[in-house]
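Containing compact mmCIF, C-alpha atoms: coords27.txt.
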# COMPACT_ATOMS: atom_id res chain seq x y z
CA MET J 285 17.83 46.91 15.78
CA SER J 286 15.49 48.06 13.03
CA ASP J 287 11.80 47.67 13.78
CA LYS J 288 10.97 47.79 10.08
CA TYR J 289 8.49 45.11 8.98
CA VAL J 290 9.81 42.93 6.17
CA ASP J 291 7.11 41.45 3.95
CA HIS J 292 8.23 38.01 2.80
CA ALA J 293 4.99 37.27 0.95
CA PRO J 294 5.50 36.72 -2.79
CA ASP J 295 4.35 39.45 -5.13
CA ILE J 296 0.86 38.98 -6.51
CA VAL J 297 1.09 38.14 -10.21
CA ARG J 298 -1.64 39.75 -12.32
CA ALA J 299 -2.53 37.45 -15.19
CA VAL J 300 -4.67 37.45 -18.32
CA VAL J 301 -6.05 34.10 -19.51
CA VAL J 302 -6.42 33.63 -23.27
CA ASP J 303 -8.24 30.60 -24.70
CA PRO J 304 -7.53 29.93 -28.40
CA ASP J 305 -10.80 28.82 -30.00
CA ILE J 306 -9.30 26.93 -32.94
CA ASP J 307 -11.61 25.92 -35.81
CA ILE J 308 -12.19 22.16 -36.12
CA HIS J 309 -10.78 22.01 -39.67
CA VAL J 310 -7.61 23.65 -38.35
CA ARG J 311 -7.25 21.19 -35.43
CA GLY J 312 -7.50 18.23 -37.79
CA ALA J 313 -9.18 14.84 -37.71
CA GLU J 314 -7.45 13.75 -34.48
CA ALA J 315 -9.23 16.39 -32.40
CA PRO J 316 -11.47 14.98 -29.62
CA ALA J 317 -15.04 14.41 -30.74
CA ALA J 318 -16.64 15.85 -27.61
CA ARG J 319 -15.54 19.50 -27.70
CA ARG J 320 -16.21 21.85 -24.83
CA TYR J 321 -18.23 25.00 -24.80
CA GLU J 322 -16.23 28.20 -25.12
CA GLU J 323 -17.21 29.31 -21.58
CA SER J 324 -16.23 25.95 -20.07
CA ARG J 325 -12.80 25.95 -21.68
CA LEU J 326 -12.17 29.46 -20.41
CA GLU J 327 -13.46 28.56 -16.94
CA GLU J 328 -11.19 25.53 -16.73
CA ALA J 329 -8.17 27.56 -17.87
CA THR J 330 -8.98 30.17 -15.24
CA GLY J 331 -9.25 27.40 -12.63
CA LEU J 332 -5.78 26.17 -13.55
CA ALA J 333 -4.39 29.69 -13.18
CA LEU J 334 -6.15 30.15 -9.82
CA ALA J 335 -4.57 26.90 -8.63
CA LEU J 336 -1.25 28.79 -8.80
CA ASP J 337 -2.62 31.70 -6.75
CA LEU J 338 -2.51 34.05 -9.73
CA ALA J 339 -4.68 37.17 -9.70
CA ILE J 340 -6.87 36.81 -12.79
CA VAL J 341 -7.52 40.33 -14.08
CA GLY J 342 -8.77 39.36 -17.54
CA ALA J 343 -10.03 36.33 -19.46
CA VAL J 344 -10.90 36.17 -23.13
CA SER J 345 -11.58 33.57 -25.82
CA VAL J 346 -9.87 34.31 -29.14
CA ARG J 347 -11.07 32.76 -32.40
CA VAL J 348 -8.26 31.22 -34.48
CA ARG J 349 -9.30 30.56 -38.08
CA LYS J 350 -5.73 30.02 -39.28
CA ILE J 351 -2.73 29.18 -37.12
CA ASN J 352 0.12 31.68 -37.39
CA PRO J 353 3.39 29.69 -37.11
CA ALA J 354 5.10 32.69 -35.52
CA THR J 355 2.59 33.66 -32.83
CA LEU J 356 -0.36 31.20 -33.10
CA PHE J 357 -2.77 34.18 -33.29
CA GLY J 358 -3.12 36.59 -36.18
CA GLN J 359 -1.44 39.98 -35.86
CA GLY J 360 -4.71 41.76 -35.18
CA LYS J 361 -5.57 39.40 -32.31
CA VAL J 362 -2.06 39.84 -30.89
CA PHE J 363 -2.64 43.62 -30.78
CA GLU J 364 -5.98 43.07 -28.99
CA ILE J 365 -4.37 40.80 -26.37
CA LYS J 366 -1.56 43.32 -25.88
CA ALA J 367 -4.07 46.14 -25.36
CA LEU J 368 -5.91 44.01 -22.78
CA CYS J 369 -2.69 43.26 -20.89
CA GLU J 370 -1.79 46.94 -20.81
CA GLU J 371 -5.30 47.96 -19.75
CA VAL J 372 -5.40 45.64 -16.74
CA GLU J 373 -1.66 45.99 -16.00
CA ALA J 374 -1.00 42.26 -16.33
CA SER J 375 2.53 40.87 -16.10
CA LEU J 376 1.62 37.36 -17.28
CA CYS J 377 -0.38 35.95 -20.18
CA VAL J 378 -1.66 32.38 -19.85
CA VAL J 379 -2.46 30.72 -23.19
CA ASN J 380 -4.84 27.76 -22.80
CA GLY J 381 -3.16 25.65 -25.45
CA GLY J 382 0.19 24.39 -26.63
CA LEU J 383 2.77 26.86 -27.90
CA THR J 384 5.94 26.08 -29.80
CA PRO J 385 9.14 27.61 -28.36
CA ILE J 386 9.19 30.13 -31.24
CA GLN J 387 5.54 31.13 -30.68
CA GLN J 388 6.15 31.55 -26.97
CA ARG J 389 9.24 33.73 -27.54
CA ASN J 390 7.57 35.86 -30.21
CA LEU J 391 4.44 36.42 -28.11
CA GLU J 392 6.56 37.60 -25.19
CA LYS J 393 8.28 40.11 -27.49
CA GLU J 394 4.99 41.32 -28.97
CA LEU J 395 3.01 41.50 -25.71
CA GLY J 396 5.81 42.74 -23.48
CA VAL J 397 4.82 40.27 -20.70
CA LYS J 398 5.79 36.75 -19.70
CA VAL J 399 3.84 34.07 -21.58
CA VAL J 400 3.12 30.54 -20.35
CA ASP J 401 1.17 27.88 -22.22
CA ARG J 402 -1.15 25.15 -20.88
CA THR J 403 1.63 22.58 -20.53
CA GLY J 404 3.88 24.97 -18.61
CA LEU J 405 0.97 25.93 -16.35
CA ILE J 406 0.09 22.32 -15.50
CA LEU J 407 3.75 21.47 -14.91
CA GLU J 408 4.02 24.38 -12.47
CA ILE J 409 0.92 23.17 -10.59
CA PHE J 410 2.28 19.64 -10.41
CA GLY J 411 5.64 20.97 -9.22
CA ARG J 412 3.97 22.75 -6.30
CA ARG J 413 1.63 19.92 -5.33
CA ALA J 414 3.94 16.88 -5.54
CA ARG J 415 4.70 15.65 -2.02
CA THR J 416 6.22 12.18 -2.28
CA GLY J 417 9.64 11.41 -3.70
CA GLU J 418 8.02 9.57 -6.59
CA GLY J 419 5.73 12.47 -7.44
CA LYS J 420 8.64 14.91 -7.43
CA LEU J 421 10.66 12.61 -9.70
CA GLN J 422 7.81 12.40 -12.20
CA VAL J 423 7.26 16.15 -12.25
CA GLU J 424 10.97 16.87 -12.64
CA LEU J 425 11.21 14.46 -15.57
CA ALA J 426 8.21 16.03 -17.27
CA ARG J 427 9.59 19.53 -16.68
CA LEU J 428 12.99 18.67 -18.20
CA GLU J 429 11.37 17.02 -21.23
CA TYR J 430 9.36 20.22 -21.71
CA GLU J 431 12.26 22.63 -21.13
CA ARG J 432 14.66 20.74 -23.40
CA SER J 433 12.99 22.18 -26.47
CA ARG J 434 12.81 25.66 -24.95
CA LEU J 435 16.43 26.30 -24.05
CA VAL J 436 16.66 29.12 -26.58
CA ARG J 437 13.85 30.97 -24.84
CA THR J 438 14.39 30.26 -21.18
CA TRP J 439 18.15 30.47 -20.84
CA THR J 440 20.06 33.73 -21.23
CA HIS J 441 23.67 32.60 -21.51
CA LEU J 442 23.46 29.92 -24.15
CA GLU J 443 25.39 31.50 -26.97
CA ARG J 444 28.71 31.56 -25.10
CA GLN J 445 31.25 29.06 -26.35
CA ARG J 446 33.38 26.98 -24.09
CA ALA J 447 36.91 26.07 -25.24
CA THR J 448 38.15 22.52 -24.80
CA GLY J 449 41.63 21.09 -24.81
CA THR J 450 44.80 23.24 -25.06
CA THR J 451 44.36 24.62 -28.55
CA GLY J 452 41.87 27.29 -27.54
CA GLY J 453 39.47 26.17 -30.25
CA PRO J 454 35.80 27.08 -30.21
CA GLY J 455 34.73 23.92 -28.40
CA GLU J 456 31.02 23.27 -27.81
CA THR J 457 28.57 26.11 -27.37
CA GLN J 458 26.97 26.58 -23.96
CA ILE J 459 23.59 25.58 -25.38
CA GLU J 460 25.05 22.25 -26.57
CA LEU J 461 26.57 21.67 -23.14
CA ASP J 462 23.30 22.44 -21.38
CA ARG J 463 21.35 20.18 -23.72
CA ARG J 464 23.76 17.38 -22.95
CA MET J 465 23.43 18.02 -19.21
CA ILE J 466 19.64 17.94 -19.46
CA ALA J 467 19.78 14.73 -21.51
CA ASP J 468 21.99 13.14 -18.83
CA LYS J 469 19.61 14.28 -16.08
CA ILE J 470 16.60 12.90 -18.00
CA LYS J 471 18.38 9.57 -18.36
CA GLN J 472 19.08 9.52 -14.61
CA LEU J 473 15.46 10.36 -13.72
CA LYS J 474 14.12 7.68 -16.03
CA SER J 475 16.41 5.18 -14.34
CA GLU J 476 15.14 6.26 -10.90
CA LEU J 477 11.53 6.01 -12.06
CA GLU J 478 12.23 2.54 -13.41
CA GLU J 479 13.40 1.65 -9.91
CA VAL J 480 10.14 3.11 -8.56
CA ARG J 481 8.22 0.94 -11.03
CA ARG J 482 10.18 -2.12 -9.90
CA THR J 483 9.54 -1.32 -6.23
CA ARG J 484 5.83 -0.85 -6.92
CA GLY J 485 5.82 -4.24 -8.61
CA LEU J 486 7.36 -5.82 -5.51
CA HIS J 487 4.77 -4.14 -3.29
CA ARG J 488 1.99 -5.42 -5.53
CA SER J 489 3.44 -8.92 -5.32
CA GLN J 490 3.44 -8.70 -1.53
CA ARG J 491 -0.16 -7.46 -1.50
CA LYS J 492 -1.23 -10.37 -3.70
CA LYS J 493 0.07 -12.76 -1.05
CA VAL J 494 -2.46 -11.17 1.31
CA PRO J 495 -5.57 -11.58 -0.84
CA TYR J 496 -7.13 -8.15 -0.50
CA PRO J 497 -8.78 -6.97 -3.70
CA ILE J 498 -7.66 -3.56 -5.00
CA VAL J 499 -10.24 -0.93 -5.96
CA ALA J 500 -8.91 2.12 -7.85
CA LEU J 501 -10.56 5.52 -8.26
CA VAL J 502 -10.02 7.35 -11.56
CA GLY J 503 -11.68 10.36 -13.09
CA TYR J 504 -11.42 13.92 -14.30
CA THR J 505 -9.70 16.36 -11.97
CA ASN J 506 -12.11 17.89 -9.44
CA ALA J 507 -14.72 15.15 -9.99
CA GLY J 508 -14.76 14.44 -6.24
CA LYS J 509 -12.49 11.38 -6.09
CA SER J 510 -10.68 12.38 -2.91
CA THR J 511 -13.93 13.36 -1.16
CA LEU J 512 -15.40 9.96 -2.07
CA PHE J 513 -12.15 8.30 -0.96
CA ASN J 514 -12.45 9.97 2.46
CA ASN J 515 -16.12 8.99 2.75
CA LEU J 516 -15.45 5.33 1.93
CA THR J 517 -12.33 4.88 4.08
CA LYS J 518 -13.11 7.38 6.87
CA SER J 519 -9.78 9.07 6.11
CA GLU J 520 -8.74 12.70 5.90
CA VAL J 521 -6.89 12.85 2.61
CA PHE J 522 -6.59 16.43 1.28
CA ALA J 523 -9.74 17.17 -0.72
CA LYS J 524 -10.65 20.61 -2.04
CA ASP J 525 -12.69 22.21 -4.81
CA LEU J 526 -9.48 22.78 -6.76
CA LEU J 527 -7.97 21.42 -9.96
CA PHE J 528 -5.29 18.80 -9.25
CA ALA J 529 -5.82 18.79 -5.47
CA THR J 530 -4.46 15.21 -5.48
CA LEU J 531 -1.27 14.17 -7.28
CA ASP J 532 0.29 11.30 -5.36
CA THR J 533 -1.35 7.89 -5.25
CA THR J 534 -2.86 7.14 -1.82
CA LEU J 535 -3.79 3.68 -0.52
CA ARG J 536 -6.13 2.96 2.38
CA SER J 537 -7.97 -0.05 3.79
CA LEU J 538 -11.65 -0.32 2.84
CA LYS J 539 -14.16 -2.32 4.87
CA LEU J 540 -16.84 -3.94 2.72
CA PRO J 541 -20.37 -4.83 3.92
CA ASN J 542 -19.69 -8.58 3.81
CA GLY J 543 -16.89 -8.18 6.36
CA ARG J 544 -14.16 -8.50 3.78
CA SER J 545 -11.37 -5.93 3.47
CA ALA J 546 -10.14 -4.28 0.28
CA ILE J 547 -7.49 -1.70 -0.64
CA LEU J 548 -8.76 1.59 -2.10
CA SER J 549 -6.42 3.61 -4.31
CA ASP J 550 -6.86 7.33 -5.09
CA THR J 551 -4.94 8.57 -8.15
CA VAL J 552 -4.14 11.83 -9.93
CA GLY J 553 -7.02 13.34 -11.87
CA PHE J 554 -7.12 13.55 -15.65
CA ILE J 555 -7.67 16.67 -17.72
CA SER J 556 -8.34 17.50 -21.36
CA ASP J 557 -5.24 17.94 -23.56
CA LEU J 558 -3.02 16.43 -20.87
CA PRO J 559 0.59 17.25 -21.86
CA HIS J 560 2.29 14.23 -23.36
CA GLU J 561 5.28 14.83 -21.06
CA LEU J 562 3.01 14.19 -18.07
CA VAL J 563 1.31 11.20 -19.70
CA ALA J 564 4.70 9.49 -19.97
CA ALA J 565 5.94 10.58 -16.55
CA PHE J 566 2.88 9.39 -14.61
CA ARG J 567 2.70 5.98 -16.24
CA ALA J 568 4.41 4.43 -13.18
CA THR J 569 1.77 5.80 -10.82
CA LEU J 570 -1.16 4.75 -12.96
CA GLU J 571 0.08 1.18 -13.21
CA GLU J 572 -1.79 0.77 -9.90
CA VAL J 573 -4.97 1.18 -11.94
CA GLU J 574 -3.94 -1.53 -14.38
CA GLN J 575 -3.43 -4.00 -11.53
CA ALA J 576 -6.72 -3.15 -9.78
CA ASP J 577 -9.45 -5.77 -9.44
CA LEU J 578 -12.10 -3.07 -9.85
CA ILE J 579 -11.90 0.49 -11.27
CA LEU J 580 -14.40 3.15 -10.24
CA HIS J 581 -14.61 5.95 -12.83
CA VAL J 582 -15.86 8.91 -10.78
CA ARG J 583 -17.77 11.51 -12.84
CA ASP J 584 -19.12 14.91 -11.85
CA VAL J 585 -22.61 14.65 -13.34
CA SER J 586 -23.48 18.16 -12.18
CA ASN J 587 -20.96 19.54 -14.67
CA PRO J 588 -22.45 20.34 -18.11
CA GLU J 589 -19.21 19.04 -19.64
CA THR J 590 -19.45 15.62 -17.99
CA GLU J 591 -19.64 13.70 -21.30
CA ALA J 592 -16.61 15.54 -22.70
CA GLN J 593 -14.73 14.88 -19.45
CA LYS J 594 -15.58 11.19 -19.73
CA ALA J 595 -14.17 11.14 -23.27
CA ASP J 596 -10.96 12.82 -22.06
CA VAL J 597 -10.47 10.27 -19.26
CA GLU J 598 -10.99 7.36 -21.64
CA GLN J 599 -8.62 8.89 -24.18
CA VAL J 600 -5.79 9.28 -21.65
CA MET J 601 -6.47 5.84 -20.17
CA GLY J 602 -6.17 4.45 -23.69
CA GLN J 603 -2.78 6.16 -24.07
CA ILE J 604 -1.34 5.00 -20.75
CA LEU J 605 -3.04 1.63 -20.36
CA PRO J 606 -3.98 0.40 -23.84
CA ASP J 607 -4.51 -3.20 -22.65
CA LEU J 608 -6.78 -2.30 -19.73
CA ASP J 609 -9.77 -4.62 -19.29
CA ARG J 610 -12.72 -2.19 -19.38
CA SER J 611 -15.09 -4.86 -18.03
CA ARG J 612 -13.54 -4.16 -14.61
CA MET J 613 -14.66 -0.51 -14.75
CA VAL J 614 -17.82 0.92 -13.15
CA GLU J 615 -19.00 4.52 -13.53
CA VAL J 616 -19.84 6.39 -10.33
CA TRP J 617 -21.99 9.45 -11.01
CA ASN J 618 -20.98 11.84 -8.25
CA LYS J 619 -22.31 15.19 -6.97
CA ILE J 620 -26.01 14.32 -7.34
CA ASP J 621 -26.65 16.64 -4.38
CA LEU J 622 -26.07 19.54 -6.81
CA LEU J 623 -28.82 18.38 -9.19
CA ASP J 624 -32.47 19.44 -9.17
CA GLU J 625 -35.17 16.78 -8.86
CA GLU J 626 -35.97 16.70 -12.59
CA MET J 627 -32.33 16.14 -13.58
CA ARG J 628 -32.00 13.43 -10.95
CA ASP J 629 -34.96 11.54 -12.38
CA ILE J 630 -33.48 11.77 -15.86
CA LEU J 631 -30.12 10.40 -14.71
CA TYR J 632 -31.71 7.60 -12.66
CA ALA J 633 -33.59 6.51 -15.80
CA ARG J 634 -30.37 6.64 -17.83
CA ALA J 635 -28.49 4.60 -15.21
CA ILE J 636 -31.17 1.90 -15.14
CA THR J 637 -31.32 1.59 -18.93
CA ASP J 638 -27.54 1.82 -19.45
CA ARG J 639 -26.31 -1.07 -21.60
CA ALA J 640 -23.03 -1.50 -19.69
CA SER J 641 -22.64 -4.82 -17.91
CA ASN J 642 -21.91 -2.86 -14.72
CA LYS J 643 -24.55 -0.15 -14.55
CA PRO J 644 -23.62 3.34 -13.27
CA LEU J 645 -24.14 4.12 -9.59
CA MET J 646 -25.32 7.56 -8.40
CA VAL J 647 -23.79 9.00 -5.22
CA SER J 648 -23.00 12.17 -3.34
CA ALA J 649 -19.58 11.96 -1.73
CA VAL J 650 -20.44 15.02 0.39
CA THR J 651 -23.79 13.92 1.85
CA GLY J 652 -23.15 10.15 1.67
CA GLU J 653 -26.26 9.50 -0.42
CA GLY J 654 -25.85 6.34 -2.47
CA VAL J 655 -22.57 5.35 -0.76
CA PRO J 656 -24.02 2.23 1.01
CA ALA J 657 -25.35 0.97 -2.35
CA LEU J 658 -21.93 1.64 -3.90
CA LEU J 659 -20.18 -0.37 -1.18
CA ASN J 660 -22.61 -3.26 -1.66
CA GLN J 661 -21.96 -3.26 -5.41
CA VAL J 662 -18.19 -3.14 -4.87
CA ALA J 663 -18.44 -6.13 -2.52
CA LEU J 664 -20.40 -8.09 -5.13
CA LEU J 665 -18.07 -7.23 -8.00
CA VAL J 666 -14.76 -7.97 -6.26
CA ASP J 667 -16.17 -11.36 -5.31
CA ALA J 668 -17.44 -12.09 -8.82
CA GLU J 669 -14.25 -13.97 -9.70
CA GLY J 670 -13.12 -17.09 -7.90
CA GLU J 671 -14.21 -20.67 -7.34
CA GLU J 672 -17.24 -21.72 -5.30
CA LEU J 673 -16.50 -24.44 -2.78
CA ASP J 674 -18.43 -26.53 -0.24
CA ILE J 675 -16.37 -26.71 2.96
CA VAL J 676 -17.06 -28.63 6.16
CA LEU J 677 -15.25 -27.50 9.31
CA GLU J 678 -15.14 -28.71 12.88
CA PRO J 679 -16.46 -26.38 15.62
CA HIS J 680 -12.93 -25.76 16.99
CA GLN J 681 -11.70 -24.41 13.62
CA GLY J 682 -12.95 -20.91 14.36
CA ASP J 683 -9.81 -19.27 12.94
CA VAL J 684 -10.45 -20.90 9.54
CA ILE J 685 -14.11 -19.85 9.60
CA ALA J 686 -13.10 -16.27 10.42
CA PHE J 687 -10.55 -16.33 7.57
CA LEU J 688 -13.19 -17.48 5.07
CA TYR J 689 -15.54 -14.69 6.12
CA GLN J 690 -12.81 -12.06 5.87
CA HIS J 691 -11.12 -13.15 2.64
CA GLY J 692 -13.94 -14.86 0.76
CA ARG J 693 -17.67 -14.55 0.27
CA VAL J 694 -19.79 -16.95 2.30
CA LEU J 695 -22.87 -17.69 0.21
CA ASP J 696 -24.52 -20.21 2.57
CA ARG J 697 -23.96 -21.63 6.05
CA HIS J 698 -25.59 -24.24 8.22
CA GLU J 699 -24.62 -26.58 11.05
CA ASP J 700 -25.37 -30.28 11.28
CA GLU J 701 -26.42 -32.27 14.34
CA GLU J 702 -22.81 -32.90 15.36
CA GLY J 703 -22.02 -29.18 15.36
CA ARG J 704 -19.92 -29.18 12.20
CA VAL J 705 -20.13 -26.02 10.09
CA HIS J 706 -21.06 -26.41 6.42
CA LEU J 707 -20.06 -23.40 4.28
CA HIS J 708 -20.68 -22.66 0.61
CA VAL J 709 -18.02 -20.03 -0.13
CA ARG J 710 -16.40 -18.28 -3.08
CA LEU J 711 -12.62 -17.82 -2.86
CA SER J 712 -10.09 -16.15 -5.13
CA ASP J 713 -7.05 -18.18 -6.18
CA GLN J 714 -4.82 -16.39 -3.63
CA ALA J 715 -7.32 -16.84 -0.80
CA TYR J 716 -7.78 -20.50 -1.69
CA GLY J 717 -3.99 -21.02 -1.54
CA ARG J 718 -3.86 -19.54 1.96
CA TYR J 719 -6.88 -21.60 3.02
CA GLU J 720 -5.12 -24.81 1.95
CA LYS J 721 -2.03 -23.87 3.97
CA MET J 722 -4.19 -23.21 7.05
CA ILE J 723 -5.91 -26.57 6.70
CA ALA J 724 -2.57 -28.35 6.25
CA ARG J 725 -1.33 -26.92 9.58
CA THR J 726 -4.41 -28.07 11.52

Show the structure stored in the file as structure tokens.
Amino acid sequence: MSDKYVDHAPDIVRAVVVDPDIDIHVRGAEAPAARRYEESRLEEATGLALALDLAIVGAVSVRVRKINPATLFGQGKVFEIKALCEEVEASLCVVNGGLTPIQQRNLEKELGVKVVDRTGLILEIFGRRARTGEGKLQVELARLEYERSRLVRTWTHLERQRATGTTGGPGETQIELDRRMIADKIKQLKSELEEVRRTRGLHRSQRKKVPYPIVALVGYTNAGKSTLFNNLTKSEVFAKDLLFATLDTTLRSLKLPNGRSAILSDTVGFISDLPHELVAAFRATLEEVEQADLILHVRDVSNPETEAQKADVEQVMGQILPDLDRSRMVEVWNKIDLLDEEMRDILYARAITDRASNKPLMVSAVTGEGVPALLNQVALLVDAEGEELDIVLEPHQGDVIAFLYQHGRVLDRHEDEEGRVHLHVRLSDQAYGRYEKMIART
């Protein structure tokens, strides 16, 4: 038997990251108002590439004054990128922007290396990170929607013709057949995702029968949502300083200070220029946010791009959930442990003077600073809706008293001379319905 060692580790891919810095008049009026600094865009693109375990051997921002329909960049810039790839011996060029199929194909010919754009990069990350059946379905649908327009580039056998019938005629070309097969697969995946959406709806209906309020975490990727989720629920959900560390929605029980329980939901993070294929595919997952009683928008306030990240989250939320009630949203300013004392004072002043009905809350998910205050505020807000009732119970009705403490908010309590318990309590409609059934059985 051979004692030769076989290395099964995948080859390290050396990559160059190129960020197209497109002039605002070229991008058009629909471009986001809060644009990022050149260094931040390049850093984020590099972070996406690192999330795929690529070896980044070069990163450069390239000014684009006029979009070239054939290659996006001007010919001179293409030569510069090619020289960089050759110098660092890169086999992959990551373009931090959208490329048409023609631009992608032409750049590969000009540069002599494989080229992937921002959408393809994010799809690859999602494909690796998806764990649940639902997540895999959503990623596969997004990938097929993306690849459908790129058959000419990505497939090598598409010009063959396939004869049909007995006449030996030309029949349909292989590319037409493959397009039809992809269309059929997309239709099947959409049907399966519709079933997922229906199942989620049934689960939500069941949860509503047990009146636990739902609190959802949303925010830019790497804002610290999963770390905060673990701190609040004492769980061990995967959390790492990595873009898109969390893809699949996670639900856990959350104990509030008033003794009441809630359900906390952690969702996929948002990102600037989120590919529209992913926006459509992940609509089923993010419907959990739409049904939430309270939404916590987690922001990384230590990031200099925090305002631009906020704008990106709101833009995508507007696309996916246009009818979302923003009054149910509270901003959570995370990572205050990374701020110096002067910046903390500035943010505290801003939080206090913020005009929002629900003022921002400052926390550190890592150290736990500000988390008790956050839990207290969550308890107050989830109990804000509902009817206030005066209830009188006999001493032996301890199970009803316990139910009211767990599923409602007891605002006042006293006992009379005969031992009866007088409660002033706020109950949601669902909790009140269950309370009436309990009373009817006693």

Legend entry - Contacts of segment 709-721 of chain J at 6 Å (only C-alpha atoms; same-chain gap of 3+ positions) as a list of chain:residue names: J:Pro495, J:Gly670, J:Glu671, J:Glu672, J:Leu673, J:Gly692, J:Arg693, J:Val694, J:Leu695, J:Ala724

Legend entry - Polymer residues at most 10 Å from segment 579-587 of chain J, only C-alpha atoms, same-chain spacing of 3 or more positions, as a PyMOL selection string: chain J and resi 324+498-509+512+548-549+553+573-576+590-594+597-598+609-624+627-628+631+644-648+658+662

Might I get the box with edges along x, y and z of the file that holds all atoms of segment 585-603 of chain J listed there, padded by 5 Å on every side, given as centre and edge lengths in Å to one decimal, as lines of an AutoDock Vina configuration file?
center_x = -13.1
center_y = 12.4
center_z = -18.2
size_x = 30.7
size_y = 25.9
size_z = 22.0

Legend entry - Which of J:Leu356, J:Ser345, J:Lys393, J:Val301 sits closest to Val379 of chain J [using only C-alpha atoms]: J:Val301

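Going from atom CA of Leu405 of chain J to atom CA of Ala354 of chain J covers 20.7 Å.
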
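For Pro353 of chain J, the non-local neighbours within 12 Å, defined as residues at least 6 positions apart in the same chain or in other chains and counting all atoms listed in the file, are Gln359, Leu383, Thr384, Pro385, Ile386, Gln387, Gln388, Arg389, Asn390 and Leu391 of chain J.
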
Limited to C-alpha atoms, could you put the picked residues into a file as a JSON list (two decimals), keeping the file's coordinate frame?
[["chain", "number", "residue", "atom", "x", "y", "z"],
["J", 359, "GLN", "CA", -1.44, 39.98, -35.86],
["J", 383, "LEU", "CA", 2.77, 26.86, -27.90],
["J", 384, "THR", "CA", 5.94, 26.08, -29.80],
["J", 385, "PRO", "CA", 9.14, 27.61, -28.36],
["J", 386, "ILE", "CA", 9.19, 30.13, -31.24],
["J", 387, "GLN", "CA", 5.54, 31.13, -30.68],
["J", 388, "GLN", "CA", 6.15, 31.55, -26.97],
["J", 389, "ARG", "CA", 9.24, 33.73, -27.54],
["J", 390, "ASN", "CA", 7.57, 35.86, -30.21],
["J", 391, "LEU", "CA", 4.44, 36.42, -28.11]]

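Atom CA of Leu540 of chain J to atom CA of Asn660 of chain J spans 7.3 Å [interatomic distance, one decimal].
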
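Residue nearest Leu538 of chain J, chosen from J:Ile470, J:Leu516, J:Val650, J:Leu558 and counting all atoms listed in the file: J:Leu516.
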
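Atom to atom, atom CA of Lys398 of chain J and atom CA of Glu424 of chain J stand 21.7 Å apart.
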
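Residues with any atom within 8 Å of Asn515 of chain J, counting all atoms listed in the file and excluding same-chain neighbours fewer than 3 positions away, are J:Thr511, J:Leu512, J:Lys518, J:Ser519, J:Ala649, J:Val650, J:Gly652.
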
Mind dumping the selected residues with C-alpha atoms as a PDB file, in the frame of the given file?
ATOM      1  CA  THR J 511     -13.930  13.360  -1.160  1.00  0.00           C
ATOM      2  CA  LEU J 512     -15.400   9.960  -2.070  1.00  0.00           C
ATOM      3  CA  LYS J 518     -13.110   7.380   6.870  1.00  0.00           C
ATOM      4  CA  SER J 519      -9.780   9.070   6.110  1.00  0.00           C
ATOM      5  CA  ALA J 649     -19.580  11.960  -1.730  1.00  0.00           C
ATOM      6  CA  VAL J 650     -20.440  15.020   0.390  1.00  0.00           C
ATOM      7  CA  GLY J 652     -23.150  10.150   1.670  1.00  0.00           C
TER       8      GLY J 652
END

Inset, instruction - Find the residues with any atom within 12 Å of (18.0, 14.5, -14.3); use only C-alpha atoms and the coordinates as given in the file, and write the answer as JSON, numbers by chain. - result: {"J": [420, 421, 422, 423, 424, 425, 426, 427, 428, 429, 432, 462, 463, 464, 465, 466, 467, 468, 469, 470, 471, 472, 473, 474, 475, 476, 477]}

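Compared by their closest atoms to Glu701 of chain J, and using only C-alpha atoms, the residues J:Thr403, J:Pro679, J:Ala686, J:Leu486 rank with J:Pro679 nearest.
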
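Closest approach to Leu395 of chain J from the set J:Ile723, J:Leu368, J:Tyr430, J:Pro656 is made by J:Leu368, with distances taken over all atoms listed in the file.
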
Legend entry - From J:His680, J:Arg349, J:Glu371, J:Gly419, residue lying nearest Thr551 of chain J [only C-alpha atoms]: J:Gly419

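Near (-4.1, 27.9, -24.2), the residues that fall inside 7 Å on the basis of all atoms listed in the file are Val302, Asp303, Pro304, Val378, Val379, Asn380, Gly381, Gly382, Asp401 and Arg402 of chain J.
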